[in-house]
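Structure data (mmCIF, C-alpha atoms) from data-v8.cif:
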```cif
data_input
#
loop_
_atom_site.label_atom_id
_atom_site.label_comp_id
_atom_site.auth_asym_id
_atom_site.auth_seq_id
_atom_site.Cartn_x
_atom_site.Cartn_y
_atom_site.Cartn_z
CA MET A 1 -36.71 132.11 97.69
CA PHE A 2 -38.79 130.45 95.05
CA ASN A 3 -40.60 131.71 92.01
CA LEU A 4 -42.24 130.41 88.88
CA ALA A 5 -40.66 130.80 85.46
CA VAL A 6 -42.46 130.24 82.18
CA LEU A 7 -40.41 128.27 79.68
CA LYS A 8 -41.00 126.99 76.19
CA ASP A 9 -39.45 123.80 74.90
CA THR A 10 -39.94 120.91 72.52
CA VAL A 11 -40.05 117.52 74.18
CA ALA A 12 -39.58 114.08 72.63
CA ILE A 13 -41.46 111.13 74.13
CA HIS A 14 -39.99 107.70 73.58
CA PRO A 15 -42.41 105.11 72.18
CA SER A 16 -41.98 102.95 75.28
CA ASN A 17 -43.75 105.72 77.21
CA PHE A 18 -46.76 105.95 74.92
CA GLY A 19 -48.80 103.96 77.43
CA ILE A 20 -48.49 106.71 80.03
CA PRO A 21 -50.91 109.65 79.90
CA PRO A 22 -49.07 112.27 77.80
CA GLU A 23 -49.01 115.02 80.44
CA GLN A 24 -47.40 112.67 82.94
CA ALA A 25 -44.82 111.55 80.41
CA LEU A 26 -44.11 115.17 79.43
CA ILE A 27 -43.65 116.32 83.02
CA ALA A 28 -41.34 113.36 83.72
CA GLU A 29 -39.33 114.15 80.62
CA LEU A 30 -39.10 117.88 81.42
CA ASN A 31 -38.08 117.15 84.99
CA LYS A 32 -35.36 114.86 83.75
CA LYS A 33 -34.02 117.68 81.65
CA TYR A 34 -34.37 120.60 84.06
CA ALA A 35 -34.60 119.49 87.70
CA ASN A 36 -31.53 120.35 89.78
CA ARG A 37 -29.96 122.29 86.93
CA ILE A 38 -29.05 125.95 86.67
CA LEU A 39 -30.56 128.06 83.91
CA HIS A 40 -28.43 131.06 83.10
CA ASP A 41 -29.96 134.28 84.45
CA VAL A 42 -33.01 132.35 85.62
CA GLY A 43 -31.90 130.29 88.62
CA LEU A 44 -31.86 126.75 89.93
CA CYS A 45 -34.70 124.63 88.59
CA ILE A 46 -36.50 122.62 91.24
CA SER A 47 -39.38 120.90 89.52
CA VAL A 48 -41.97 121.43 86.79
CA PHE A 49 -45.01 123.08 88.34
CA ASP A 50 -47.53 122.53 85.55
CA LEU A 51 -47.99 122.55 81.80
CA SER A 52 -49.61 125.64 80.32
CA GLU A 53 -49.79 124.74 76.65
CA VAL A 54 -49.06 121.52 74.84
CA GLY A 55 -49.23 121.16 71.08
CA GLU A 56 -50.13 117.99 69.28
CA GLY A 57 -47.47 115.27 69.34
CA LYS A 58 -45.82 114.95 65.96
CA VAL A 59 -43.68 112.20 64.50
CA ARG A 60 -40.63 113.30 62.55
CA TYR A 61 -38.93 111.42 59.81
CA GLY A 62 -36.11 109.31 61.23
CA ASP A 63 -37.23 108.36 64.69
CA GLY A 64 -40.33 107.04 66.36
CA PHE A 65 -40.52 109.73 69.00
CA LEU A 66 -43.56 111.92 69.50
CA TRP A 67 -42.43 115.56 69.58
CA TYR A 68 -44.50 117.98 71.63
CA LYS A 69 -44.18 121.74 71.68
CA THR A 70 -44.85 122.78 75.25
CA VAL A 71 -45.08 125.90 77.38
CA PHE A 72 -44.73 125.07 81.04
CA ARG A 73 -44.13 126.64 84.42
CA ILE A 74 -41.25 125.51 86.56
CA ILE A 75 -40.34 126.20 90.20
CA ILE A 76 -37.10 128.16 90.34
CA PHE A 77 -34.87 128.83 93.31
CA ARG A 78 -33.60 132.38 93.07
CA PRO A 79 -33.84 134.54 96.16
CA PHE A 80 -34.31 138.20 95.34
CA LYS A 81 -31.89 140.86 96.45
CA SER A 82 -32.29 141.81 100.13
CA GLU A 83 -34.32 138.69 100.88
CA VAL A 84 -33.67 137.13 104.27
CA ILE A 85 -33.14 133.36 104.26
CA LEU A 86 -32.04 130.64 106.66
CA GLY A 87 -29.12 128.33 106.00
CA LYS A 88 -26.40 126.30 107.64
CA ILE A 89 -22.69 127.02 107.73
CA LYS A 90 -20.98 124.50 105.47
CA ASN A 91 -17.38 125.56 106.00
CA SER A 92 -15.17 128.59 106.44
CA GLU A 93 -12.00 129.64 104.78
CA ASP A 94 -9.83 132.72 104.98
CA GLY A 95 -11.92 135.32 103.20
CA SER A 96 -15.42 133.95 103.38
CA ILE A 97 -17.90 131.65 105.05
CA ARG A 98 -19.81 129.21 102.86
CA VAL A 99 -23.45 128.51 103.64
CA THR A 100 -25.56 125.61 102.43
CA LEU A 101 -29.31 125.16 102.05
CA GLY A 102 -29.01 121.42 101.46
CA PHE A 103 -30.12 121.58 97.85
CA PHE A 104 -27.94 124.59 97.06
CA ASP A 105 -24.58 125.38 98.63
CA ASP A 106 -22.91 128.15 96.68
CA ILE A 107 -23.77 130.92 99.11
CA TYR A 108 -20.79 132.93 100.29
CA ILE A 109 -20.48 135.54 103.00
CA PRO A 110 -17.33 137.58 102.41
CA GLU A 111 -15.37 138.80 105.41
CA GLU A 112 -16.51 142.40 105.03
CA TRP A 113 -20.13 141.33 105.45
CA LEU A 114 -19.58 139.55 108.74
CA PRO A 115 -20.35 141.31 112.01
CA GLN A 116 -17.30 143.46 112.84
CA PRO A 117 -14.80 143.08 114.39
CA CYS A 118 -14.27 139.52 113.24
CA CYS A 119 -11.26 137.46 112.40
CA PHE A 120 -10.36 134.13 110.85
CA ASP A 121 -8.78 131.63 113.22
CA PRO A 122 -6.50 129.40 111.14
CA ASN A 123 -6.22 126.81 113.91
CA GLN A 124 -9.93 126.18 114.09
CA THR A 125 -10.52 127.19 110.45
CA GLU A 126 -13.50 129.18 111.62
CA TYR A 127 -14.32 132.84 111.87
CA PHE A 128 -14.97 134.38 115.25
CA TRP A 129 -16.53 137.60 116.38
CA ILE A 130 -15.60 139.58 119.48
CA PRO A 131 -18.48 141.61 120.87
CA ASP A 132 -17.64 145.09 122.17
CA CYS A 133 -14.05 145.10 121.07
CA GLU A 134 -11.93 147.93 119.69
CA LEU A 135 -9.23 145.81 118.12
CA THR A 136 -8.84 145.93 114.38
CA MET A 137 -5.52 144.24 113.65
CA ARG A 138 -5.66 140.55 112.96
CA HIS A 139 -2.69 139.55 115.12
CA GLU A 140 -4.10 141.50 118.07
CA MET A 141 -7.43 139.74 117.73
CA LEU A 142 -5.80 136.33 117.54
CA GLU A 143 -4.23 137.01 120.92
CA THR A 144 -7.51 137.57 122.70
CA PRO A 145 -8.59 134.92 125.18
CA ILE A 146 -10.67 132.21 123.54
CA ALA A 147 -13.45 132.68 126.08
CA ASP A 148 -14.20 136.16 124.66
CA ARG A 149 -14.66 134.92 121.14
CA THR A 150 -17.89 133.84 119.56
CA TYR A 151 -17.25 131.40 116.75
CA PHE A 152 -19.24 130.88 113.60
CA GLU A 153 -19.29 127.14 113.93
CA LYS A 154 -19.80 124.64 111.16
CA GLY A 155 -23.42 123.48 111.13
CA ASP A 156 -24.76 126.62 112.82
CA VAL A 157 -28.13 127.77 111.52
CA VAL A 158 -27.68 131.32 110.29
CA ARG A 159 -29.99 134.02 109.05
CA LEU A 160 -28.59 136.01 106.14
CA ARG A 161 -29.53 138.71 103.72
CA VAL A 162 -28.97 138.12 100.02
CA GLU A 163 -26.83 140.94 98.63
CA GLY A 164 -26.41 139.75 95.08
CA ASP A 165 -26.04 136.77 92.80
CA GLU A 166 -23.91 135.89 89.84
CA PHE A 167 -24.15 133.47 86.95
CA THR A 168 -20.99 132.20 85.33
CA ASP A 169 -21.02 130.43 82.03
CA ASP A 170 -18.46 127.67 82.38
CA GLU A 171 -18.72 126.40 78.82
CA PRO A 172 -15.36 126.50 77.09
CA GLY A 173 -15.59 128.48 73.89
CA PRO A 174 -14.49 127.06 70.54
CA PRO A 175 -10.76 126.26 70.45
CA LYS A 176 -8.65 129.11 69.15
CA ALA A 177 -6.20 128.57 66.33
CA GLN A 178 -3.18 130.12 68.05
CA ASP A 179 -3.54 127.76 71.01
CA GLY A 180 -2.32 124.94 68.79
CA VAL A 181 -2.02 121.67 70.60
CA ALA A 182 -0.54 123.15 73.76
CA ILE A 183 -2.23 121.63 76.75
CA VAL A 184 -3.62 124.40 78.88
CA PRO A 185 -4.58 123.38 82.41
CA PRO A 186 -8.30 123.94 82.76
CA PRO A 187 -9.15 126.90 84.99
CA PRO A 188 -10.64 125.95 88.37
CA ARG A 189 -14.29 125.13 88.03
CA GLN A 190 -16.57 127.92 89.06
CA ALA A 191 -20.05 127.48 90.36
CA PRO A 192 -22.52 128.34 87.61
CA TYR A 193 -24.70 130.20 90.08
CA SER A 194 -23.49 131.70 93.32
CA ILE A 195 -25.07 134.01 95.89
CA VAL A 196 -23.31 136.60 98.00
CA ALA A 197 -24.97 137.28 101.33
CA SER A 198 -24.45 139.36 104.44
CA MET A 199 -24.64 138.80 108.19
CA ALA A 200 -23.51 142.29 109.18
CA GLU A 201 -26.74 143.57 110.66
CA SER A 202 -28.46 143.09 113.96
CA GLY A 203 -30.83 140.14 113.68
CA LEU A 204 -28.65 138.35 111.15
CA GLY A 205 -26.06 135.70 111.89
CA PRO A 206 -26.46 132.51 113.94
CA VAL A 207 -30.09 132.16 114.97
CA SER A 208 -29.10 130.91 118.42
CA TRP A 209 -27.49 134.29 119.21
CA TRP A 210 -30.81 136.02 118.96
CA LEU A 211 -32.85 133.56 120.96
CA GLY A 212 -31.31 134.57 124.27
CA ALA A 213 -29.99 138.01 123.45
CA GLU A 214 -33.24 139.49 122.32
CA ASP A 215 -33.55 142.14 125.03
CA ASN A 216 -30.07 143.43 124.31
CA ALA A 217 -30.89 143.71 120.66
CA MET A 218 -33.92 145.79 121.45
CA GLU A 219 -31.83 148.22 123.46
CA GLU A 220 -29.34 148.58 120.62
CA ASN A 221 -32.09 149.46 118.25
CA MET B 1 -35.55 126.06 75.05
CA GLU B 2 -36.79 129.58 75.42
CA VAL B 3 -37.40 131.58 78.55
CA VAL B 4 -40.75 133.29 78.23
CA ASN B 5 -40.77 134.84 81.68
CA ALA B 6 -38.01 134.24 84.22
CA ARG B 7 -40.11 135.42 87.15
CA SER B 8 -43.81 135.20 86.51
CA ALA B 9 -44.91 134.75 90.13
CA LEU B 10 -43.43 134.36 93.57
CA LEU B 11 -44.01 131.20 95.56
CA SER B 12 -43.88 130.87 99.30
CA ASN B 13 -41.78 128.16 100.91
CA PHE B 14 -44.96 126.49 102.08
CA GLU B 15 -46.33 126.21 98.56
CA VAL B 16 -43.10 124.65 97.28
CA PHE B 17 -42.96 122.30 100.25
CA GLU B 18 -46.55 121.22 99.68
CA PHE B 19 -45.96 120.70 95.98
CA LEU B 20 -42.84 118.61 96.45
CA ARG B 21 -44.36 116.50 99.18
CA GLU B 22 -47.45 115.91 97.09
CA GLN B 23 -45.19 114.78 94.28
CA GLU B 24 -43.20 112.50 96.55
CA ASN B 25 -46.29 110.85 98.00
CA ASP B 26 -47.59 110.42 94.50
CA HIS B 27 -44.40 108.70 93.38
CA LYS B 28 -44.45 106.44 96.40
CA ALA B 29 -48.06 105.46 95.82
CA ARG B 30 -47.39 104.75 92.18
CA GLN B 31 -44.32 102.72 92.99
CA LYS B 32 -46.32 100.63 95.42
CA THR B 33 -49.03 100.04 92.87
CA ALA B 34 -46.48 99.02 90.28
CA GLN B 35 -44.87 96.63 92.70
CA ARG B 36 -48.17 95.11 93.69
CA ILE B 37 -49.19 94.61 90.10
CA LYS B 38 -45.85 93.07 89.31
CA LYS B 39 -46.24 90.64 92.18
CA GLU B 40 -49.71 89.69 91.11
CA GLU B 41 -48.49 89.08 87.62
CA GLU B 42 -45.62 86.99 88.78
CA ALA B 43 -48.01 84.93 90.84
CA SER B 44 -50.31 84.38 87.90
CA GLY B 45 -47.39 83.52 85.66
CA ILE B 46 -47.71 86.33 83.14
CA SER B 47 -44.61 88.41 82.56
CA VAL B 48 -44.81 91.93 81.27
CA ALA B 49 -41.56 93.62 80.29
CA LYS B 50 -42.44 97.18 81.20
CA HIS B 51 -45.46 98.47 82.92
CA VAL B 52 -47.50 101.32 81.60
CA SER B 53 -48.01 103.00 84.95
CA ALA B 54 -44.29 103.02 85.73
CA VAL B 55 -43.15 106.57 85.01
CA GLU B 56 -39.42 106.59 85.39
CA ILE B 57 -38.15 109.09 87.94
CA ALA B 58 -34.73 110.39 86.99
CA GLU B 59 -31.97 110.58 89.57
CA ASN B 60 -31.67 114.38 89.45
CA VAL B 61 -35.38 114.77 90.15
CA ARG B 62 -35.19 112.55 93.21
CA THR B 63 -32.12 114.39 94.50
CA ILE B 64 -33.49 117.89 94.35
CA GLN B 65 -36.86 116.76 95.64
CA PHE B 66 -35.34 115.04 98.64
CA GLU B 67 -32.91 117.82 99.49
CA ALA B 68 -35.43 120.61 99.09
CA ILE B 69 -37.98 118.80 101.27
CA GLN B 70 -35.30 118.25 103.86
CA HIS B 71 -34.36 121.93 103.90
CA LEU B 72 -37.95 123.12 104.08
CA SER B 73 -38.97 120.67 106.80
CA ALA B 74 -35.96 121.33 109.04
CA ASP B 75 -36.60 122.17 112.68
CA TYR B 76 -35.52 125.76 112.28
CA GLN B 77 -38.03 126.42 109.51
CA PRO B 78 -41.64 127.27 110.33
CA THR B 79 -42.91 125.49 107.19
CA ARG B 80 -43.99 122.31 108.92
CA ARG B 81 -46.14 124.19 111.40
CA GLN B 82 -47.92 126.18 108.70
CA THR B 83 -51.29 125.44 107.22
CA GLU B 84 -52.99 126.69 104.12
CA THR B 85 -55.81 128.36 106.04
CA GLY B 86 -53.38 129.91 108.52
CA ILE B 87 -51.33 131.53 105.78
CA THR B 88 -54.37 132.75 103.87
CA LYS B 89 -55.65 134.44 107.00
CA LEU B 90 -52.23 135.91 107.78
CA VAL B 91 -51.90 137.43 104.31
CA LYS B 92 -55.39 138.90 104.56
CA ASP B 93 -54.58 140.41 107.94
CA LEU B 94 -51.31 141.82 106.67
CA ALA B 95 -53.13 143.58 103.86
CA ASN B 96 -54.15 146.26 106.39
CA TYR B 97 -50.54 147.29 106.76
CA ASP B 98 -48.48 149.24 104.31
CA LEU B 99 -46.05 146.43 103.55
CA THR B 100 -44.52 145.56 100.21
CA LYS B 101 -45.22 142.25 98.56
CA ALA B 102 -41.68 141.05 99.22
CA GLU B 103 -41.98 141.88 102.90
CA LYS B 104 -45.24 140.01 103.20
CA LEU B 105 -43.73 137.01 101.43
CA GLN B 106 -40.84 136.97 103.85
CA ILE B 107 -43.14 137.26 106.85
CA VAL B 108 -44.95 134.18 105.54
CA ASN B 109 -41.71 132.32 104.81
CA LEU B 110 -39.87 133.09 108.02
CA ALA B 111 -42.84 133.49 110.36
CA PRO B 112 -41.13 135.95 112.73
CA THR B 113 -42.33 135.64 116.30
CA ARG B 114 -39.70 137.91 117.85
CA PRO B 115 -39.29 141.64 117.27
CA VAL B 116 -35.68 141.24 116.17
CA GLU B 117 -36.74 138.87 113.39
CA LEU B 118 -39.28 141.36 112.13
CA TYR B 119 -36.76 144.20 112.17
CA VAL B 120 -34.62 142.31 109.68
CA ILE B 121 -37.49 141.76 107.27
CA VAL B 122 -39.24 145.13 107.30
CA GLU B 123 -37.19 148.21 106.55
CA GLU B 124 -37.68 151.17 108.87
CA LEU B 125 -40.12 149.13 110.86
CA GLU B 126 -40.72 151.66 113.61
CA ASP B 127 -41.66 154.48 111.26
CA ARG B 128 -43.96 152.41 109.13
CA VAL B 129 -45.66 150.07 111.57
CA SER B 130 -46.94 151.30 114.90
CA ASP B 131 -48.28 148.07 116.37
CA MET B 132 -45.50 145.61 115.76
CA GLU B 133 -46.72 143.30 118.51
CA VAL B 134 -50.00 142.78 116.68
CA ILE B 135 -48.15 141.50 113.62
CA LEU B 136 -46.11 139.13 115.74
CA ASP B 137 -49.29 137.84 117.37
CA MET B 138 -50.88 137.38 113.98
CA VAL B 139 -47.92 135.32 112.84
CA ALA B 140 -47.93 133.26 116.01
CA SER B 141 -51.62 132.48 115.66
CA SER B 142 -51.14 131.40 112.04
CA LEU B 143 -48.80 128.62 113.14
CA SER B 144 -50.14 125.40 114.52
CA THR B 145 -48.43 124.29 117.70
CA GLU B 146 -48.10 120.71 116.56
CA PRO B 147 -45.83 120.14 113.60
CA VAL B 148 -47.65 118.33 110.84
CA PRO B 149 -46.53 114.69 110.61
CA PRO B 150 -43.65 114.45 108.16
CA THR B 151 -44.99 112.04 105.55
CA ASN B 152 -47.99 110.01 104.47
CA GLY B 153 -51.56 110.91 104.97
CA PHE B 154 -50.76 114.59 104.91
CA SER B 155 -52.12 115.09 101.44
CA LYS B 156 -55.42 113.66 102.59
CA LEU B 157 -55.88 116.64 104.90
CA LEU B 158 -56.01 118.93 101.90
CA PRO B 159 -58.65 117.66 99.54
CA SER B 160 -57.82 119.90 96.57
CA GLU B 161 -54.11 120.18 96.10
CA SER B 162 -54.21 122.38 93.03
CA ASP B 163 -56.01 125.16 94.91
CA SER B 164 -53.13 125.67 97.30
CA ALA B 165 -51.14 127.22 94.50
CA GLY B 166 -53.05 130.37 93.88
CA VAL B 167 -54.66 131.41 97.12
CA LEU B 168 -51.76 133.02 98.90
CA TYR B 169 -51.20 136.14 96.87
CA PRO B 170 -54.50 136.91 95.32
CA GLU B 171 -53.78 140.62 94.99
CA ASP B 172 -51.22 140.61 92.22
CA ASN B 173 -50.10 138.70 89.20
CA ASP B 174 -51.56 135.46 90.36
CA VAL B 175 -54.90 136.02 88.78
CA HIS B 176 -53.97 133.88 85.83
CA MET B 177 -52.38 131.44 88.17
CA VAL B 178 -55.64 130.66 89.89
CA ASP B 179 -57.39 130.27 86.58
CA GLU B 180 -54.79 127.94 85.27
CA ALA B 181 -54.60 125.94 88.40
CA ASN B 182 -58.30 125.29 88.20
CA GLY B 183 -58.47 124.90 84.46
CA LEU B 184 -55.54 122.61 83.90
CA GLU B 185 -55.92 120.44 86.88
CA PHE B 186 -53.71 117.42 86.43
CA ASP B 187 -55.02 115.03 88.96
CA ASP B 188 -52.18 112.57 88.95
CA THR B 189 -53.61 110.38 91.64
CA GLY B 190 -56.86 110.04 89.78
CA GLU B 191 -55.11 108.88 86.67
CA GLY B 192 -52.95 106.50 88.59
CA VAL B 193 -56.02 104.97 90.14
CA GLY B 194 -57.66 104.75 86.75
CA VAL B 195 -54.78 102.81 85.27
CA GLU B 196 -54.72 100.55 88.24
CA GLY B 197 -58.43 99.85 87.95
CA ASP B 198 -58.17 99.04 84.26
CA LEU B 199 -55.37 96.64 84.87
CA ASP B 200 -57.27 94.88 87.59
CA LYS B 201 -60.08 94.29 85.17
CA GLU B 202 -57.66 92.84 82.68
CA ASP B 203 -56.28 90.53 85.27
CA ASP B 204 -59.74 89.26 86.06
#
```
Reformat the file's structure so that it appears as structure tokens.
Amino acid sequence: MFNLAVLKDTVAIHPSNFGIPPEQALIAELNKKYANRILHDVGLCISVFDLSEVGEGKVRYGDGFLWYKTVFRIIIFRPFKSEVILGKIKNSEDGSIRVTLGFFDDIYIPEEWLPQPCCFDPNQTEYFWIPDCELTMRHEMLETPIADRTYFEKGDVVRLRVEGDEFTDDEPGPPKAQDGVAIVPPPPRQAPYSIVASMAESGLGPVSWWLGAEDNAMEEN
Amino acid sequence: MEVVNARSALLSNFEVFEFLREQENDHKARQKTAQRIKKEEEASGISVAKHVSAVEIAENVRTIQFEAIQHLSADYQPTRRQTETGITKLVKDLANYDLTKAEKLQIVNLAPTRPVELYVIVEELEDRVSDMEVILDMVASSLSTEPVPPTNGFSKLLPSESDSAGVLYPEDNDVHMVDEANGLEFDDTGEGVGVEGDLDKEDD
């Protein structure tokens, strides 16, 4: 889930913080800039781990700040491909289930990576799975008795396998001349970092399923 | 900003949890000290606009710290039942098996105690590992039965916090990590205490 990234940056320390030991002030300043933010192609920054190199603080013409060149290590959240992680179901919609880790909630499980056969129930707005069932058509599955269905309920703790991740750069580019002054509705905001995961494997899915059903799982294997 | 290395080393959940909790305790202790000093000053009638020991903690830092600690200390995670010595022993024991680094990391992170959990982590488990039960026992014995109390006093159990960083994966690219952890040891608590002591002298 977590790894360390080495970054290089120049940090300005405000004169009011000159009384604090410089490494503390630098770490506080770096955390302010990076913590809980996504770095493109790197991952979600959690917290500065330590400072590796710090140059001498220099004063520039124009402000009273002390500028430090630093190399530091930072804790990054970026699960690798095929890593198994635990999360909680945040909500479901037709097409995918969204899973949250508390500090990160752009994890999606598309329908094709749910245990099959499964189907979205629009009344409950939750997916359900029917064990040992031959049905494939959605309307047929929606007619099954509710007692046969196993729902992926909101708040369930699930085990999932990371299948891939994607970074989107949401920055609007420079305005183009031909656009003129026409007001274009902004496109829906996309998460800057999202993870696609799978539950379609024995052992994955709601953890509670596997607590009782362990013997069955062994036989399947 | 420049990314020198996007993935220089892997960290286990336990290491991150430890680090964040250490940081949180540190903040709390410093806040208390600052408050106490402020009170003393108010009592003695001296007013100081801003205190030197008061490092401002930005909102985003607090948020991610709190949420990550919450996730890692949840009931369904093994992190709270893990100890530094337990994990070190587990990793050493796992070295006898032909497992990849990623698989070992996941065994540490998820602490599988049931066969089905291990099947998910290790590919082609049956062909590669003959005595699966032994691994499960090893994992079970690395966990303490009692969850470690959630806050306060925990850091006192581990005298050298900076060591916990490098010990878990000594076999690979963490060689420099150990060196650095020992070389650049930023003992925040020590400094905090130092400042506090100095101020007390001034007050006298």
Chain A residues near chain B (6 Å cut-off, all atoms listed in the file) as a list in words: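 Listing them in order of chain and number gives Phe2, Asn3, Leu4, Ala5, Val6, Leu7, Lys8, Asp9, Gly19, Ile20, Lys32, Ala35, Asn36, Val42, Gly102, Phe103 and Gly203 of chain A.
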Atom-to-atom span, CA of Gly173 (chain A) and CA of Arg37 (chain A), Å: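 Taking CA of Gly173 (chain A) and CA of Arg37 (chain A), their separation equals 20.4 Å.
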May I have the residues within 12 Å of Asn123 (chain A) as a PyMOL selection string, using all atoms listed in the file and disregarding those fewer than 2 positions away in the same chain? chain A and resi 92-94+119-121+125-128+142+146
Surrounding residues of Asn91 (chain A) excluding itself and chain neighbours under 5 positions, 7 Å, all atoms listed in the file, as a PyMOL selection string: chain A and resi 97-98+154
Could you state the separation of CA of Ser16 (chain A) and CA of Ala43 (chain B) in Å, given to one decimal place?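 One can read the CA of Ser16 (chain A) to CA of Ala43 (chain B) distance as 24.6 Å.
Across the structure, CA of Asp170 (chain A) and CA of Ser198 (chain A) are spaced 25.7 Å apart.
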Result set of the PyMOL selection byres ((chain A and resi 52-57) around 9) on the coordinates above, as a ChimeraX atom specification: /A:6,12-13,23,50-51,58-59,65-73 /B:180,184
For Glu29 (chain A), which residue among A:Leu86, A:Gly43, A:Val48, A:Met1 is the nearest when counting all atoms listed in the file?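 Closest residue, counting all atoms listed in the file: A:Val48.
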If we count all atoms listed in the file and set the cut-off at 12 Å, which residues sit around Ile109 (chain A), ignoring sequence neighbours fewer than 5 positions away in its own chain? Please answer as a ChimeraX atom specification. /A:87-100,114-115,127,152,158-165,194-200,204-205
What lies within 9 Å of region 127-136 of chain B using only C-alpha atoms, ignoring chain neighbours under 3 positions off, as a short mmCIF file (atom, residue, chain, number, x, y, z; two decimals) with C-alpha atoms, in the coordinates of the input?
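Output contents, as saved in out10.cif:
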```cif
data_model
loop_
_atom_site.label_atom_id
_atom_site.label_comp_id
_atom_site.auth_asym_id
_atom_site.auth_seq_id
_atom_site.Cartn_x
_atom_site.Cartn_y
_atom_site.Cartn_z
CA ASP B 93 -54.58 140.41 107.94
CA LEU B 94 -51.31 141.82 106.67
CA TYR B 97 -50.54 147.29 106.76
CA ASP B 98 -48.48 149.24 104.31
CA LEU B 99 -46.05 146.43 103.55
CA ALA B 111 -42.84 133.49 110.36
CA PRO B 112 -41.13 135.95 112.73
CA THR B 113 -42.33 135.64 116.30
CA ARG B 114 -39.70 137.91 117.85
CA PRO B 115 -39.29 141.64 117.27
CA LEU B 118 -39.28 141.36 112.13
CA VAL B 122 -39.24 145.13 107.30
CA GLU B 123 -37.19 148.21 106.55
CA GLU B 124 -37.68 151.17 108.87
CA VAL B 139 -47.92 135.32 112.84
CA ALA B 140 -47.93 133.26 116.01
CA SER B 141 -51.62 132.48 115.66
#
```
Where does the PyMOL selection byres ((chain B and resi 81) around 6) land in this file, that is, which residues does it pick, as a compact mmCIF listing (two decimals) with C-alpha atoms, keeping the file's coordinate frame?
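Final output, saved to result_4.txt:
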```
# COMPACT_ATOMS: atom_id res chain seq x y z
CA PRO B 78 -41.64 127.27 110.33
CA THR B 79 -42.91 125.49 107.19
CA ARG B 80 -43.99 122.31 108.92
CA GLN B 82 -47.92 126.18 108.70
CA LEU B 143 -48.80 128.62 113.14
CA SER B 144 -50.14 125.40 114.52
CA PRO B 147 -45.83 120.14 113.60
```
